[in-house]
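This report concerns only the one structure given below.
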Amino acid sequence: GSAPLDAATRLDRSAALRRSSPADLEAKDVSAWFGAHQVLDRVSLRMQSGQITALIGPSGCGKSTFLRILNRMHELVPSAALAGEVLLDGEDIYEPQRKVIEARRSIGMVFQKPNPFPALSIRDNVTAGLKLTGTKASSAEKEALVEDCLTRAGLWREVQDRLDAPGGGLSGGQQQRLCIARSLAVRPRVLLMDEPCSALDPTSTRVIEETMRELAPEVTIVIVTHNMQQARRVSDECAFFLAAQGTPGAIVEHGDTESMFDSPQDQRTSDYVNGRF
Ligand code: ADP
Ligand code: MG
């Protein structure tokens, strides 16, 4: 067996395993522009604490832009402008005195294409965010955190014997779970996922969906997906975005996933979820 942990190490480990709680995220009258081109028009949506909200809709209707607004990445584009509010548990993440880094730490992001640091070890990929956010951790804390995050991302059993191997050597599905683990390491309260499975095979997709379902009670999840079966399988709530000919993107309908698929109120929702678009 392994040697008993000394008191300091136990304390370190329990500090590392402390988690944040999921938060409500609410967009109020969010409009967005790139230069003179308006891409979102007064989008309001409440994404409930601990739930999975799926954003669906055709390409170009502003789903990714909306997601990026939710963690202040929209402002990285020089021509981008924004109106409206984003409230994290009631607090506006855009209030002038709030730091951008705070929003990005509380609200993590996973992208379509898995983007681990390919040359960094699996272990260092998980802890990479600590440096960026200025979080100090002892080596015992880091070790516990790495195991915890990889476990929650559904990857621990596959990689526990090769934590020093480069992240770039993993399969696509494993790399995406590594990116989820990396996001979790800074204890986000919300996880935004922009088509996280569209570059993955069906088996990896299922594994990631299971991971999302397991994470959801403790992290609020917002996922953009073009896969209607996936929206149906994983989400609690669903919002249908549409940019009608020449108009900016807006939400046509929002509700619990079952109703959105089984008894949509708007003909356009019905057409979209039934693949008639
Ligand atoms: P979706 O994710 O629903 O496909 P996007 O949010 O990517 O939609 O895009 C919405 C609109 O904003 C599109 O017309 C797209 O061309 C435009 N757009 C997205 N990103 C930029 C950018 N960086 N600069 C200019 N226009 C952009
Ligand atoms: Mg997109």
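We label chains A, B, ... in the order they appear in the structure tokens, count residues from 1 in each chain, and number ligands from 1 in the order shown.
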Within 12 Å of ligand 2, which residues of chain A come that close, and what is the closest atom pair and distance in Å for each? Count only C-alpha atoms and all ligand atoms and give it as CSV.
```
residue,atom,partner,partner_atom_place_in_ligand_line,distance
A:Leu55,CA,ligand 2,1 (Mg),10.0
A:Ile56,CA,ligand 2,1 (Mg),9.8
A:Gly57,CA,ligand 2,1 (Mg),9.6
A:Pro58,CA,ligand 2,1 (Mg),9.1
A:Ser59,CA,ligand 2,1 (Mg),6.5
A:Gly60,CA,ligand 2,1 (Mg),6.9
A:Cys61,CA,ligand 2,1 (Mg),8.2
A:Gly62,CA,ligand 2,1 (Mg),6.9
A:Lys63,CA,ligand 2,1 (Mg),5.5
A:Ser64,CA,ligand 2,1 (Mg),4.1
A:Thr65,CA,ligand 2,1 (Mg),7.3
A:Phe66,CA,ligand 2,1 (Mg),9.2
A:Leu67,CA,ligand 2,1 (Mg),8.8
A:Arg68,CA,ligand 2,1 (Mg),9.9
A:Phe111,CA,ligand 2,1 (Mg),9.7
A:Gln112,CA,ligand 2,1 (Mg),8.7
A:Lys113,CA,ligand 2,1 (Mg),11.7
A:Met193,CA,ligand 2,1 (Mg),10.4
A:Asp194,CA,ligand 2,1 (Mg),6.7
A:Glu195,CA,ligand 2,1 (Mg),7.4
A:Pro196,CA,ligand 2,1 (Mg),10.7
A:Ser198,CA,ligand 2,1 (Mg),11.0
A:Ile223,CA,ligand 2,1 (Mg),10.7
A:Val224,CA,ligand 2,1 (Mg),7.4
A:Thr225,CA,ligand 2,1 (Mg),8.6
A:His226,CA,ligand 2,1 (Mg),9.2
A:Phe241,CA,ligand 2,1 (Mg),11.4
```
Expected answer as number ranges by chain: strand (DSSP E) residues in range 14-185 of chain A: A: 25-34, 37-47, 52-56, 80-88, 91-92, 107-110
File of the preceding selection, N, CA and C atoms, as a CSV table (one decimal), in the first residue's frame:
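New file out.csv:
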```csv
chain,number,residue,atom,x,y,z
A,25,LEU,N,-26.4,32.1,-15.2
A,25,LEU,CA,-25.8,33.0,-16.1
A,25,LEU,C,-27.0,33.6,-16.9
A,26,GLU,N,-27.0,34.9,-16.9
A,26,GLU,CA,-28.2,35.5,-17.6
A,26,GLU,C,-27.7,36.6,-18.6
A,27,ALA,N,-28.2,36.5,-19.8
A,27,ALA,CA,-27.9,37.5,-20.8
A,27,ALA,C,-29.2,38.4,-20.9
A,28,LYS,N,-29.0,39.7,-20.9
A,28,LYS,CA,-30.1,40.6,-21.0
A,28,LYS,C,-30.0,41.6,-22.1
A,29,ASP,N,-30.9,41.4,-23.1
A,29,ASP,CA,-30.9,42.4,-24.2
A,29,ASP,C,-29.5,42.5,-24.9
A,30,VAL,N,-28.8,41.4,-25.1
A,30,VAL,CA,-27.5,41.4,-25.7
A,30,VAL,C,-27.6,41.6,-27.2
A,31,SER,N,-27.0,42.7,-27.7
A,31,SER,CA,-26.8,42.9,-29.1
A,31,SER,C,-25.3,43.0,-29.4
A,32,ALA,N,-24.9,42.6,-30.6
A,32,ALA,CA,-23.5,42.6,-31.0
A,32,ALA,C,-23.3,43.0,-32.4
A,33,TRP,N,-22.2,43.7,-32.6
A,33,TRP,CA,-21.8,44.1,-33.9
A,33,TRP,C,-20.3,43.8,-34.2
A,34,PHE,N,-20.0,43.6,-35.5
A,34,PHE,CA,-18.6,43.6,-36.0
A,34,PHE,C,-18.6,44.8,-37.0
A,37,HIS,N,-21.8,45.8,-39.0
A,37,HIS,CA,-22.6,44.6,-39.2
A,37,HIS,C,-23.2,44.1,-37.9
A,38,GLN,N,-24.5,44.3,-37.7
A,38,GLN,CA,-25.1,43.7,-36.4
A,38,GLN,C,-25.3,42.3,-36.6
A,39,VAL,N,-24.8,41.5,-35.6
A,39,VAL,CA,-25.0,40.0,-35.7
A,39,VAL,C,-25.9,39.4,-34.6
A,40,LEU,N,-26.2,40.2,-33.6
A,40,LEU,CA,-27.2,39.7,-32.6
A,40,LEU,C,-28.1,40.9,-32.2
A,41,ASP,N,-29.3,40.6,-32.0
A,41,ASP,CA,-30.3,41.6,-31.7
A,41,ASP,C,-31.1,41.3,-30.4
A,42,ARG,N,-30.8,42.0,-29.4
A,42,ARG,CA,-31.5,41.9,-28.1
A,42,ARG,C,-31.8,40.5,-27.7
A,43,VAL,N,-30.7,39.7,-27.5
A,43,VAL,CA,-30.9,38.3,-27.0
A,43,VAL,C,-30.9,38.3,-25.5
A,44,SER,N,-32.0,37.7,-25.0
A,44,SER,CA,-32.1,37.5,-23.5
A,44,SER,C,-32.3,36.1,-23.3
A,45,LEU,N,-31.5,35.6,-22.3
A,45,LEU,CA,-31.5,34.1,-22.1
A,45,LEU,C,-31.0,33.9,-20.7
A,46,ARG,N,-31.8,33.1,-19.9
A,46,ARG,CA,-31.3,32.7,-18.6
A,46,ARG,C,-30.8,31.3,-18.6
A,47,MET,N,-29.5,31.1,-18.3
A,47,MET,CA,-29.0,29.7,-18.3
A,47,MET,C,-28.8,29.3,-16.8
A,52,ILE,N,-27.8,22.1,-18.2
A,52,ILE,CA,-27.2,22.2,-19.5
A,52,ILE,C,-28.1,22.9,-20.5
A,53,THR,N,-27.7,24.0,-21.0
A,53,THR,CA,-28.5,24.7,-22.0
A,53,THR,C,-27.8,24.5,-23.4
A,54,ALA,N,-28.6,24.1,-24.4
A,54,ALA,CA,-28.1,23.9,-25.7
A,54,ALA,C,-28.5,25.1,-26.6
A,55,LEU,N,-27.5,25.7,-27.3
A,55,LEU,CA,-27.8,26.7,-28.3
A,55,LEU,C,-27.8,26.1,-29.7
A,56,ILE,N,-29.0,26.1,-30.3
A,56,ILE,CA,-29.1,25.5,-31.7
A,56,ILE,C,-29.5,26.6,-32.7
A,80,ALA,N,-15.3,44.7,-32.7
A,80,ALA,CA,-16.5,44.3,-32.1
A,80,ALA,C,-17.1,45.3,-31.1
A,81,ALA,N,-18.4,45.4,-31.1
A,81,ALA,CA,-19.1,46.2,-30.2
A,81,ALA,C,-20.2,45.4,-29.6
A,82,LEU,N,-20.7,45.9,-28.4
A,82,LEU,CA,-21.7,45.1,-27.6
A,82,LEU,C,-22.6,46.0,-26.9
A,83,ALA,N,-23.9,45.6,-26.7
A,83,ALA,CA,-24.8,46.3,-25.8
A,83,ALA,C,-25.5,45.2,-25.0
A,84,GLY,N,-26.0,45.6,-23.9
A,84,GLY,CA,-26.7,44.7,-23.0
A,84,GLY,C,-25.9,44.3,-21.8
A,85,GLU,N,-26.4,43.3,-21.1
A,85,GLU,CA,-25.7,42.9,-19.8
A,85,GLU,C,-25.6,41.3,-19.8
A,86,VAL,N,-24.5,40.9,-19.1
A,86,VAL,CA,-24.3,39.5,-18.8
A,86,VAL,C,-24.2,39.4,-17.3
A,87,LEU,N,-25.1,38.7,-16.6
A,87,LEU,CA,-25.1,38.6,-15.2
A,87,LEU,C,-24.7,37.2,-14.7
A,88,LEU,N,-23.7,37.1,-13.9
A,88,LEU,CA,-23.2,35.9,-13.3
A,88,LEU,C,-23.7,35.9,-11.8
A,91,GLU,N,-24.5,39.4,-11.0
A,91,GLU,CA,-23.5,40.5,-11.0
A,91,GLU,C,-23.0,40.6,-12.5
A,92,ASP,N,-23.1,41.8,-12.9
A,92,ASP,CA,-22.7,42.1,-14.3
A,92,ASP,C,-21.2,41.9,-14.6
A,107,ILE,N,-15.9,31.5,-15.9
A,107,ILE,CA,-16.6,31.1,-17.1
A,107,ILE,C,-15.7,30.5,-18.1
A,108,GLY,N,-15.5,29.2,-18.0
A,108,GLY,CA,-14.5,28.5,-18.9
A,108,GLY,C,-15.0,28.2,-20.3
A,109,MET,N,-14.1,27.9,-21.2
A,109,MET,CA,-14.5,27.7,-22.6
A,109,MET,C,-13.8,26.5,-23.2
A,110,VAL,N,-14.6,25.7,-23.9
A,110,VAL,CA,-14.0,24.6,-24.7
A,110,VAL,C,-14.4,24.8,-26.1
```
Just the residues within 7 Å of range 132-145 of chain A, please, counting only C-alpha atoms, with nothing from its chain fewer than 2 positions along; format it as a tab-separated table (two decimals) with C-alpha atoms, in the first residue's frame.
```tsv
chain	number	residue	atom	x	y	z
A	9	THR	CA	-0.19	16.95	2.44
A	12	ASP	CA	-3.03	20.52	0.60
A	13	ARG	CA	-5.07	17.84	-1.08
A	15	ALA	CA	-7.62	22.53	-0.54
A	16	ALA	CA	-7.05	21.37	-4.11
A	17	LEU	CA	-10.32	19.43	-4.13
A	129	GLY	CA	-4.52	27.64	-16.28
A	130	LEU	CA	-3.22	28.11	-12.75
A	147	GLU	CA	-6.30	13.61	-10.57
A	148	ASP	CA	-9.57	15.31	-9.65
A	149	CYS	CA	-9.94	17.24	-12.90
A	185	ALA	CA	-8.65	23.25	-12.94
```
Show me, as a Markdown table, the residues of range 164-244 of chain A having an atom within 12 Å of range 98-104 of chain A, each with the closest atom pair and its distance in Å, using only C-alpha atoms.
```
| residue | atom | partner | partner_atom | distance |
| --- | --- | --- | --- | --- |
| A:Ser183 | CA | A:Arg104 | CA | 10.1 |
| A:Leu184 | CA | A:Arg104 | CA | 12.0 |
| A:Val186 | CA | A:Arg104 | CA | 9.7 |
| A:Arg187 | CA | A:Arg104 | CA | 10.8 |
| A:Pro188 | CA | A:Arg104 | CA | 8.4 |
| A:Arg189 | CA | A:Ala103 | CA | 10.0 |
| A:Val190 | CA | A:Arg104 | CA | 9.7 |
| A:Leu191 | CA | A:Arg104 | CA | 10.1 |
| A:Leu192 | CA | A:Arg104 | CA | 10.5 |
```
Would you put the residues from that selection into a file with N, CA and C atoms, as a compact mmCIF listing (two decimals), in the first residue's frame?
```
# COMPACT_ATOMS: atom_id res chain seq x y z
N SER A 183 -9.90 23.22 -18.28
CA SER A 183 -10.87 24.26 -17.91
C SER A 183 -11.30 24.12 -16.45
N LEU A 184 -11.48 22.86 -16.02
CA LEU A 184 -12.00 22.64 -14.66
C LEU A 184 -10.99 23.03 -13.59
N VAL A 186 -9.31 25.59 -12.95
CA VAL A 186 -9.42 26.92 -12.32
C VAL A 186 -10.79 27.10 -11.63
N ARG A 187 -11.51 25.98 -11.49
CA ARG A 187 -12.78 25.95 -10.78
C ARG A 187 -13.82 26.91 -11.35
N PRO A 188 -14.15 26.72 -12.61
CA PRO A 188 -15.15 27.59 -13.21
C PRO A 188 -16.53 27.28 -12.64
N ARG A 189 -17.41 28.24 -12.72
CA ARG A 189 -18.79 28.04 -12.27
C ARG A 189 -19.70 27.77 -13.48
N VAL A 190 -19.17 28.11 -14.65
CA VAL A 190 -19.88 27.90 -15.90
C VAL A 190 -18.87 27.38 -16.92
N LEU A 191 -19.31 26.44 -17.77
CA LEU A 191 -18.46 25.96 -18.84
C LEU A 191 -19.19 26.17 -20.17
N LEU A 192 -18.55 26.91 -21.07
CA LEU A 192 -19.12 27.17 -22.39
C LEU A 192 -18.46 26.22 -23.37
```
Contact residues around range 254-258 of chain A with only C-alpha atoms at 7 Å, ignoring same-chain residues under 4 positions, as a ChimeraX atom specification: /A:232,235-240,262
Shortest interatomic distance to Ser21 in chain A - which of A:Val207, A:Met260, A:Ala243, A:Val219, counting only C-alpha atoms: A:Val219
Nearest to Arg162 in chain A by atom-to-atom distance, counting only C-alpha atoms, from A:Arg177, A:Ser121, A:Ala128, A:Val77: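 Nearest candidate to Arg162 in chain A out of A:Arg177, A:Ser121, A:Ala128, A:Val77: A:Ser121.
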Backbone DSSP call of helix (DSSP H, G or I) for range 50-103 of chain A, listed as a ChimeraX atom specification: /A:63-70,74-76,100-103
CA of Lys131 in chain A to CA of Leu150 in chain A, distance in Å rounded to a single decimal: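 CA of Leu150 in chain A lies 18.2 Å from CA of Lys131 in chain A.
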Selected residue of minimal separation from ligand 1 among A:Gly167, A:Gly154, A:Pro114, A:Pro78, counting only C-alpha atoms and all ligand atoms: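 Counting only C-alpha atoms and all ligand atoms, the residue closest to ligand 1 is A:Pro78.
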CA of Val252 in chain A to CA of Gln267 in chain A, straight-line distance in Å: 9.9 Å
Interatomic distance, CA of Arg182 in chain A to CA of Ala216 in chain A (Å, one decimal):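 So the two atoms, CA of Arg182 in chain A and CA of Ala216 in chain A, lie 16.4 Å apart.
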